[in-house]
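To be precise, the following lines are query-v1.txt, and they hold compact mmCIF, N, CA and C atoms.
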```txt
# COMPACT_ATOMS: atom_id res chain seq x y z
N MET A 18 85.96 -30.70 -2.32
CA MET A 18 87.10 -30.39 -1.48
C MET A 18 88.26 -29.82 -2.30
N GLU A 19 88.41 -30.33 -3.51
CA GLU A 19 89.52 -29.84 -4.32
C GLU A 19 89.34 -28.37 -4.68
N THR A 20 88.10 -27.96 -4.92
CA THR A 20 87.84 -26.55 -5.23
C THR A 20 88.21 -25.67 -4.04
N ALA A 21 87.86 -26.10 -2.84
CA ALA A 21 88.19 -25.33 -1.64
C ALA A 21 89.71 -25.25 -1.46
N ALA A 22 90.40 -26.37 -1.70
CA ALA A 22 91.86 -26.38 -1.59
C ALA A 22 92.48 -25.43 -2.62
N ASN A 23 91.93 -25.41 -3.83
CA ASN A 23 92.45 -24.52 -4.87
C ASN A 23 92.23 -23.06 -4.52
N VAL A 24 91.04 -22.73 -4.04
CA VAL A 24 90.73 -21.34 -3.68
C VAL A 24 91.63 -20.88 -2.54
N LEU A 25 91.75 -21.70 -1.49
CA LEU A 25 92.63 -21.33 -0.37
C LEU A 25 94.09 -21.20 -0.82
N SER A 26 94.53 -22.10 -1.69
CA SER A 26 95.91 -22.04 -2.18
C SER A 26 96.17 -20.74 -2.92
N ILE A 27 95.23 -20.35 -3.77
CA ILE A 27 95.41 -19.11 -4.54
C ILE A 27 95.40 -17.90 -3.62
N LEU A 28 94.47 -17.85 -2.66
CA LEU A 28 94.41 -16.72 -1.73
C LEU A 28 95.69 -16.62 -0.89
N LEU A 29 96.14 -17.76 -0.39
CA LEU A 29 97.38 -17.75 0.40
C LEU A 29 98.58 -17.36 -0.46
N ALA A 30 98.64 -17.87 -1.68
CA ALA A 30 99.76 -17.54 -2.57
C ALA A 30 99.81 -16.03 -2.83
N ILE A 31 98.66 -15.43 -3.08
CA ILE A 31 98.63 -13.97 -3.31
C ILE A 31 99.12 -13.24 -2.07
N SER A 32 98.64 -13.66 -0.91
CA SER A 32 99.05 -13.02 0.34
C SER A 32 100.56 -13.13 0.56
N TYR A 33 101.09 -14.34 0.37
CA TYR A 33 102.51 -14.53 0.63
C TYR A 33 103.41 -13.97 -0.47
N LEU A 34 102.92 -13.84 -1.69
CA LEU A 34 103.71 -13.17 -2.72
C LEU A 34 103.94 -11.72 -2.33
N GLY A 35 102.88 -11.07 -1.83
CA GLY A 35 103.02 -9.69 -1.40
C GLY A 35 103.90 -9.55 -0.18
N SER A 36 103.62 -10.34 0.82
CA SER A 36 104.36 -10.28 2.08
C SER A 36 105.83 -10.65 1.88
N GLY A 37 106.06 -11.76 1.20
CA GLY A 37 107.43 -12.20 0.97
C GLY A 37 108.21 -11.23 0.10
N GLY A 38 107.55 -10.71 -0.92
CA GLY A 38 108.21 -9.74 -1.80
C GLY A 38 108.64 -8.50 -1.05
N MET A 39 107.78 -8.00 -0.17
CA MET A 39 108.14 -6.80 0.60
C MET A 39 109.32 -7.07 1.53
N LYS A 40 109.38 -8.26 2.10
CA LYS A 40 110.50 -8.60 2.99
C LYS A 40 111.80 -8.74 2.21
N VAL A 41 111.75 -9.42 1.08
CA VAL A 41 112.95 -9.62 0.27
C VAL A 41 113.48 -8.28 -0.24
N LEU A 42 112.56 -7.40 -0.64
CA LEU A 42 112.98 -6.09 -1.16
C LEU A 42 113.34 -5.10 -0.06
N GLY A 43 113.09 -5.48 1.19
CA GLY A 43 113.45 -4.62 2.32
C GLY A 43 112.55 -3.41 2.47
N GLN A 44 111.25 -3.57 2.21
CA GLN A 44 110.30 -2.47 2.35
C GLN A 44 110.37 -1.92 3.77
N ALA A 45 110.57 -0.60 3.91
CA ALA A 45 110.91 0.03 5.17
C ALA A 45 109.90 -0.26 6.29
N LYS A 46 108.61 -0.13 6.02
CA LYS A 46 107.61 -0.32 7.07
C LYS A 46 107.61 -1.77 7.58
N ILE A 47 107.77 -2.72 6.68
CA ILE A 47 107.81 -4.12 7.07
C ILE A 47 109.05 -4.40 7.91
N ILE A 48 110.20 -3.92 7.46
CA ILE A 48 111.45 -4.14 8.18
C ILE A 48 111.39 -3.50 9.56
N GLU A 49 110.80 -2.32 9.65
CA GLU A 49 110.65 -1.64 10.94
C GLU A 49 109.83 -2.49 11.91
N GLY A 50 108.73 -3.04 11.42
CA GLY A 50 107.89 -3.89 12.26
C GLY A 50 108.61 -5.14 12.71
N LEU A 51 109.39 -5.74 11.81
CA LEU A 51 110.15 -6.94 12.17
C LEU A 51 111.27 -6.62 13.14
N ASP A 52 111.88 -5.44 12.99
CA ASP A 52 112.91 -5.01 13.95
C ASP A 52 112.35 -4.97 15.36
N LYS A 53 111.12 -4.48 15.51
CA LYS A 53 110.48 -4.41 16.83
C LYS A 53 110.25 -5.79 17.44
N LEU A 54 110.14 -6.79 16.56
CA LEU A 54 109.97 -8.17 17.03
C LEU A 54 111.31 -8.85 17.31
N GLY A 55 112.40 -8.18 16.98
CA GLY A 55 113.72 -8.77 17.18
C GLY A 55 114.20 -9.60 16.01
N VAL A 56 113.61 -9.37 14.83
CA VAL A 56 114.00 -10.11 13.63
C VAL A 56 115.02 -9.27 12.86
N SER A 57 116.19 -9.85 12.63
CA SER A 57 117.24 -9.12 11.91
C SER A 57 116.87 -8.94 10.45
N ARG A 58 117.57 -8.04 9.78
CA ARG A 58 117.32 -7.82 8.35
C ARG A 58 117.60 -9.09 7.53
N ASN A 59 118.68 -9.77 7.89
CA ASN A 59 119.00 -11.00 7.15
C ASN A 59 117.92 -12.05 7.35
N LEU A 60 117.46 -12.22 8.60
CA LEU A 60 116.41 -13.20 8.85
C LEU A 60 115.12 -12.79 8.16
N SER A 61 114.83 -11.49 8.11
CA SER A 61 113.61 -11.06 7.43
C SER A 61 113.67 -11.39 5.94
N ARG A 62 114.84 -11.27 5.34
CA ARG A 62 114.99 -11.64 3.92
C ARG A 62 114.83 -13.15 3.73
N VAL A 63 115.37 -13.93 4.66
CA VAL A 63 115.20 -15.38 4.59
C VAL A 63 113.72 -15.74 4.71
N ILE A 64 113.03 -15.12 5.66
CA ILE A 64 111.60 -15.36 5.83
C ILE A 64 110.85 -14.99 4.55
N GLY A 65 111.21 -13.84 3.97
CA GLY A 65 110.58 -13.42 2.72
C GLY A 65 110.81 -14.42 1.60
N ALA A 66 112.03 -14.93 1.50
CA ALA A 66 112.33 -15.93 0.46
C ALA A 66 111.54 -17.21 0.70
N LEU A 67 111.41 -17.61 1.96
CA LEU A 67 110.61 -18.80 2.27
C LEU A 67 109.14 -18.58 1.92
N GLU A 68 108.64 -17.37 2.19
CA GLU A 68 107.25 -17.06 1.83
C GLU A 68 107.05 -17.10 0.32
N LEU A 69 108.00 -16.56 -0.43
CA LEU A 69 107.90 -16.60 -1.90
C LEU A 69 107.97 -18.03 -2.42
N ALA A 70 108.86 -18.83 -1.83
CA ALA A 70 108.96 -20.23 -2.25
C ALA A 70 107.67 -20.98 -1.92
N ALA A 71 107.09 -20.70 -0.76
CA ALA A 71 105.84 -21.36 -0.39
C ALA A 71 104.71 -20.93 -1.32
N ALA A 72 104.68 -19.66 -1.69
CA ALA A 72 103.65 -19.18 -2.63
C ALA A 72 103.78 -19.92 -3.96
N ALA A 73 105.00 -20.08 -4.43
CA ALA A 73 105.21 -20.83 -5.67
C ALA A 73 104.77 -22.28 -5.50
N GLY A 74 105.08 -22.87 -4.35
CA GLY A 74 104.66 -24.24 -4.07
C GLY A 74 103.15 -24.38 -4.02
N LEU A 75 102.48 -23.38 -3.45
CA LEU A 75 101.02 -23.42 -3.41
C LEU A 75 100.43 -23.38 -4.82
N LEU A 76 101.01 -22.53 -5.67
CA LEU A 76 100.51 -22.43 -7.05
C LEU A 76 100.83 -23.69 -7.85
N LEU A 77 102.03 -24.22 -7.68
CA LEU A 77 102.36 -25.48 -8.36
C LEU A 77 101.52 -26.63 -7.81
N GLY A 78 101.10 -26.49 -6.56
CA GLY A 78 100.26 -27.50 -5.93
C GLY A 78 98.89 -27.62 -6.57
N LEU A 79 98.51 -26.63 -7.36
CA LEU A 79 97.26 -26.75 -8.11
C LEU A 79 97.33 -27.89 -9.11
N VAL A 80 98.57 -28.21 -9.53
CA VAL A 80 98.79 -29.29 -10.49
C VAL A 80 99.44 -30.51 -9.80
N ILE A 81 100.36 -30.23 -8.89
CA ILE A 81 101.10 -31.29 -8.18
C ILE A 81 100.67 -31.22 -6.72
N GLY A 82 99.63 -31.96 -6.39
CA GLY A 82 98.98 -31.85 -5.08
C GLY A 82 99.90 -31.96 -3.88
N TRP A 83 100.84 -32.90 -3.90
CA TRP A 83 101.70 -33.09 -2.74
C TRP A 83 102.58 -31.86 -2.50
N LEU A 84 102.95 -31.15 -3.56
CA LEU A 84 103.78 -29.96 -3.41
C LEU A 84 102.99 -28.85 -2.72
N GLY A 85 101.72 -28.72 -3.06
CA GLY A 85 100.87 -27.74 -2.39
C GLY A 85 100.70 -28.06 -0.93
N ALA A 86 100.56 -29.35 -0.60
CA ALA A 86 100.44 -29.77 0.79
C ALA A 86 101.72 -29.45 1.55
N ALA A 87 102.87 -29.75 0.94
CA ALA A 87 104.15 -29.47 1.59
C ALA A 87 104.34 -27.97 1.82
N ALA A 88 103.98 -27.16 0.83
CA ALA A 88 104.10 -25.71 0.97
C ALA A 88 103.20 -25.19 2.09
N ALA A 89 101.99 -25.69 2.17
CA ALA A 89 101.06 -25.26 3.22
C ALA A 89 101.57 -25.67 4.59
N ILE A 90 102.13 -26.87 4.70
CA ILE A 90 102.70 -27.31 5.98
C ILE A 90 103.88 -26.42 6.37
N GLY A 91 104.71 -26.08 5.40
CA GLY A 91 105.81 -25.16 5.67
C GLY A 91 105.33 -23.81 6.18
N LEU A 92 104.22 -23.33 5.62
CA LEU A 92 103.66 -22.06 6.08
C LEU A 92 103.09 -22.16 7.49
N VAL A 93 102.54 -23.31 7.83
CA VAL A 93 102.07 -23.52 9.20
C VAL A 93 103.25 -23.36 10.16
N LEU A 94 104.37 -23.98 9.82
CA LEU A 94 105.56 -23.89 10.67
C LEU A 94 106.10 -22.46 10.73
N LEU A 95 106.11 -21.80 9.59
CA LEU A 95 106.60 -20.42 9.53
C LEU A 95 105.73 -19.49 10.38
N MET A 96 104.42 -19.66 10.30
CA MET A 96 103.51 -18.82 11.09
C MET A 96 103.57 -19.17 12.57
N ALA A 97 103.84 -20.42 12.91
CA ALA A 97 104.04 -20.78 14.31
C ALA A 97 105.25 -20.02 14.86
N GLY A 98 106.30 -19.92 14.06
CA GLY A 98 107.47 -19.13 14.47
C GLY A 98 107.13 -17.66 14.62
N ALA A 99 106.33 -17.12 13.72
CA ALA A 99 105.92 -15.72 13.81
C ALA A 99 105.13 -15.47 15.09
N ILE A 100 104.26 -16.41 15.44
CA ILE A 100 103.47 -16.27 16.66
C ILE A 100 104.38 -16.25 17.88
N VAL A 101 105.41 -17.09 17.88
CA VAL A 101 106.37 -17.09 19.00
C VAL A 101 107.03 -15.73 19.13
N PHE A 102 107.44 -15.13 18.02
CA PHE A 102 108.08 -13.81 18.07
C PHE A 102 107.10 -12.76 18.62
N HIS A 103 105.83 -12.84 18.23
CA HIS A 103 104.84 -11.90 18.74
C HIS A 103 104.59 -12.10 20.23
N ILE A 104 104.58 -13.35 20.67
CA ILE A 104 104.41 -13.63 22.10
C ILE A 104 105.58 -13.06 22.88
N ARG A 105 106.79 -13.30 22.42
CA ARG A 105 107.98 -12.79 23.12
C ARG A 105 108.01 -11.27 23.16
N ALA A 106 107.46 -10.62 22.15
CA ALA A 106 107.41 -9.16 22.10
C ALA A 106 106.27 -8.60 22.94
N GLY A 107 105.37 -9.47 23.42
CA GLY A 107 104.24 -9.01 24.23
C GLY A 107 103.10 -8.42 23.43
N ASP A 108 103.05 -8.70 22.14
CA ASP A 108 102.03 -8.09 21.28
C ASP A 108 100.61 -8.52 21.62
N TYR A 109 100.43 -9.74 22.10
CA TYR A 109 99.08 -10.22 22.38
C TYR A 109 98.52 -9.63 23.67
N ALA A 110 99.40 -9.12 24.52
CA ALA A 110 98.96 -8.50 25.77
C ALA A 110 98.60 -7.03 25.58
N ASP A 111 99.09 -6.41 24.52
CA ASP A 111 98.85 -4.99 24.25
C ASP A 111 97.67 -4.84 23.30
N PRO A 112 96.56 -4.25 23.77
CA PRO A 112 95.37 -4.12 22.90
C PRO A 112 95.64 -3.40 21.59
N LYS A 113 96.59 -2.47 21.57
CA LYS A 113 96.90 -1.74 20.34
C LYS A 113 97.61 -2.61 19.31
N LEU A 114 98.35 -3.60 19.79
CA LEU A 114 99.13 -4.45 18.89
C LEU A 114 98.46 -5.80 18.62
N ARG A 115 97.45 -6.12 19.38
CA ARG A 115 96.81 -7.44 19.28
C ARG A 115 96.23 -7.69 17.89
N GLY A 116 95.59 -6.69 17.30
CA GLY A 116 94.98 -6.88 15.98
C GLY A 116 95.98 -7.31 14.92
N PRO A 117 97.03 -6.52 14.69
CA PRO A 117 98.02 -6.94 13.69
C PRO A 117 98.72 -8.24 14.06
N ALA A 118 98.90 -8.50 15.34
CA ALA A 118 99.59 -9.71 15.78
C ALA A 118 98.73 -10.95 15.54
N LEU A 119 97.43 -10.77 15.32
CA LEU A 119 96.56 -11.92 15.06
C LEU A 119 96.67 -12.41 13.60
N MET A 120 97.27 -11.62 12.74
CA MET A 120 97.40 -12.04 11.34
C MET A 120 98.14 -13.37 11.19
N PRO A 121 99.28 -13.59 11.89
CA PRO A 121 99.92 -14.90 11.76
C PRO A 121 99.04 -16.06 12.25
N VAL A 122 98.21 -15.80 13.25
CA VAL A 122 97.28 -16.83 13.73
C VAL A 122 96.28 -17.18 12.63
N PHE A 123 95.72 -16.15 12.02
CA PHE A 123 94.76 -16.33 10.93
C PHE A 123 95.41 -17.08 9.77
N LEU A 124 96.62 -16.67 9.39
CA LEU A 124 97.32 -17.32 8.28
C LEU A 124 97.72 -18.75 8.62
N LEU A 125 98.07 -19.00 9.88
CA LEU A 125 98.37 -20.37 10.30
C LEU A 125 97.13 -21.26 10.12
N LEU A 126 95.98 -20.76 10.55
CA LEU A 126 94.74 -21.54 10.43
C LEU A 126 94.39 -21.80 8.96
N LEU A 127 94.52 -20.77 8.12
CA LEU A 127 94.26 -20.95 6.69
C LEU A 127 95.25 -21.93 6.05
N SER A 128 96.50 -21.83 6.45
CA SER A 128 97.52 -22.74 5.92
C SER A 128 97.24 -24.17 6.36
N ALA A 129 96.84 -24.35 7.62
CA ALA A 129 96.52 -25.69 8.12
C ALA A 129 95.32 -26.27 7.39
N ALA A 130 94.31 -25.44 7.15
CA ALA A 130 93.13 -25.91 6.41
C ALA A 130 93.52 -26.28 4.99
N THR A 131 94.37 -25.49 4.37
CA THR A 131 94.82 -25.78 3.01
C THR A 131 95.60 -27.08 2.97
N ALA A 132 96.49 -27.27 3.93
CA ALA A 132 97.28 -28.51 3.99
C ALA A 132 96.37 -29.72 4.15
N ALA A 133 95.40 -29.60 5.06
CA ALA A 133 94.48 -30.72 5.30
C ALA A 133 93.68 -31.04 4.04
N LEU A 134 93.17 -30.01 3.39
CA LEU A 134 92.39 -30.25 2.16
C LEU A 134 93.24 -30.84 1.06
N ARG A 135 94.48 -30.36 0.93
CA ARG A 135 95.38 -30.90 -0.10
C ARG A 135 95.66 -32.38 0.18
N ILE A 136 95.94 -32.69 1.45
CA ILE A 136 96.23 -34.07 1.81
C ILE A 136 95.02 -34.97 1.53
N LEU A 137 93.84 -34.47 1.85
CA LEU A 137 92.63 -35.27 1.63
C LEU A 137 92.31 -35.49 0.15
N THR A 138 92.83 -34.61 -0.70
CA THR A 138 92.53 -34.74 -2.13
C THR A 138 93.68 -35.38 -2.93
N LEU A 139 94.70 -35.86 -2.24
CA LEU A 139 95.82 -36.51 -2.96
C LEU A 139 95.38 -37.82 -3.56
```
In structure tokens, how does this file's structure come out?
Amino acid sequence: METAANVLSILLAISYLGSGGMKVLGQAKIIEGLDKLGVSRNLSRVIGALELAAAAGLLLGLVIGWLGAAAAIGLVLLMAGAIVFHIRAGDYADPKLRGPALMPVFLLLLSAATAALRILTL
């Protein structure tokens, strides 16, 4: 179980380092997509900083298990918020937008699995 938790933690950390970094740096395509969801530039930077902090927590969680669990739980909450924004924007009803809008669902599930595995291996 610890190996699975480590692999998921590393994969999630890589994903959120990229995603969070683009938000913090204000990458145009990312900011444009968030604008369509009603997310302000300031909030997008806060989300990016939270993603970067969670990625660091996931990596530190390889050594300090409870920190990895806490970071994964934080990501579950963050992705739940992202799903709410996608629902309010109607993305799940539009076949063209449904695919990209499913990414937060996928990441929520991976984060939940990581949190559960981390907790079980404490």
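The residue set within 6.5 Å of Asp108 in chain A, counting all atoms listed in the file and dropping same-chain residues fewer than 6 places from it, reads Leu114, Arg115 and Ala118 of chain A.
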Please produce a file of the residues just selected, as a short mmCIF file (atom, residue, chain, number, x, y, z; two decimals), keeping the file's coordinate frame, where the atoms kept are N, CA and C atoms.
```
data_model
loop_
_atom_site.label_atom_id
_atom_site.label_comp_id
_atom_site.auth_asym_id
_atom_site.auth_seq_id
_atom_site.Cartn_x
_atom_site.Cartn_y
_atom_site.Cartn_z
N LEU A 114 98.35 -3.60 19.79
CA LEU A 114 99.13 -4.45 18.89
C LEU A 114 98.46 -5.80 18.62
N ARG A 115 97.45 -6.12 19.38
CA ARG A 115 96.81 -7.44 19.28
C ARG A 115 96.23 -7.69 17.89
N ALA A 118 98.90 -8.50 15.34
CA ALA A 118 99.59 -9.71 15.78
C ALA A 118 98.73 -10.95 15.54
#
```
Selection as an MDAnalysis selection string: residues within 6 Å of (90.1, -25.5, 2.1), counting all atoms listed in the file
chainID A and resid 21:22 25 130:131 134
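What separates atom N of Ala72 in chain A from atom N of Ala99 in chain A is a distance of 15.7 Å.
Among the candidate residues A:Phe123, A:Leu42, A:Phe102, A:Leu69, the one lying nearest to Val56 in chain A is A:Phe102, with distances computed using all atoms listed in the file.
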Residues within 12 Å of Leu139 in chain A, only C-alpha atoms, excluding chain neighbours under 5 positions, as a PyMOL selection string
chain A and resi 18-19+22+78-87+132-134
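Take atom C of Ala97 in chain A and CA of Thr20 in chain A: the distance between them is 27.4 Å.
Counting all atoms listed in the file and comparing A:Gln44, A:Ser36, A:Gly91, A:Leu76, the residue that lies closest to Ile64 in chain A is A:Ser36.
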Check the DSSP output for the backbone and give back, as number ranges by chain, the residues of range 34-109 of chain A in helix (DSSP H, G or I).
A: 34-42, 45-54, 58-77, 82-106
Interatomic distance, atom C of Gly116 in chain A to CA of Val41 in chain A (Å, one decimal)
22.5 Å
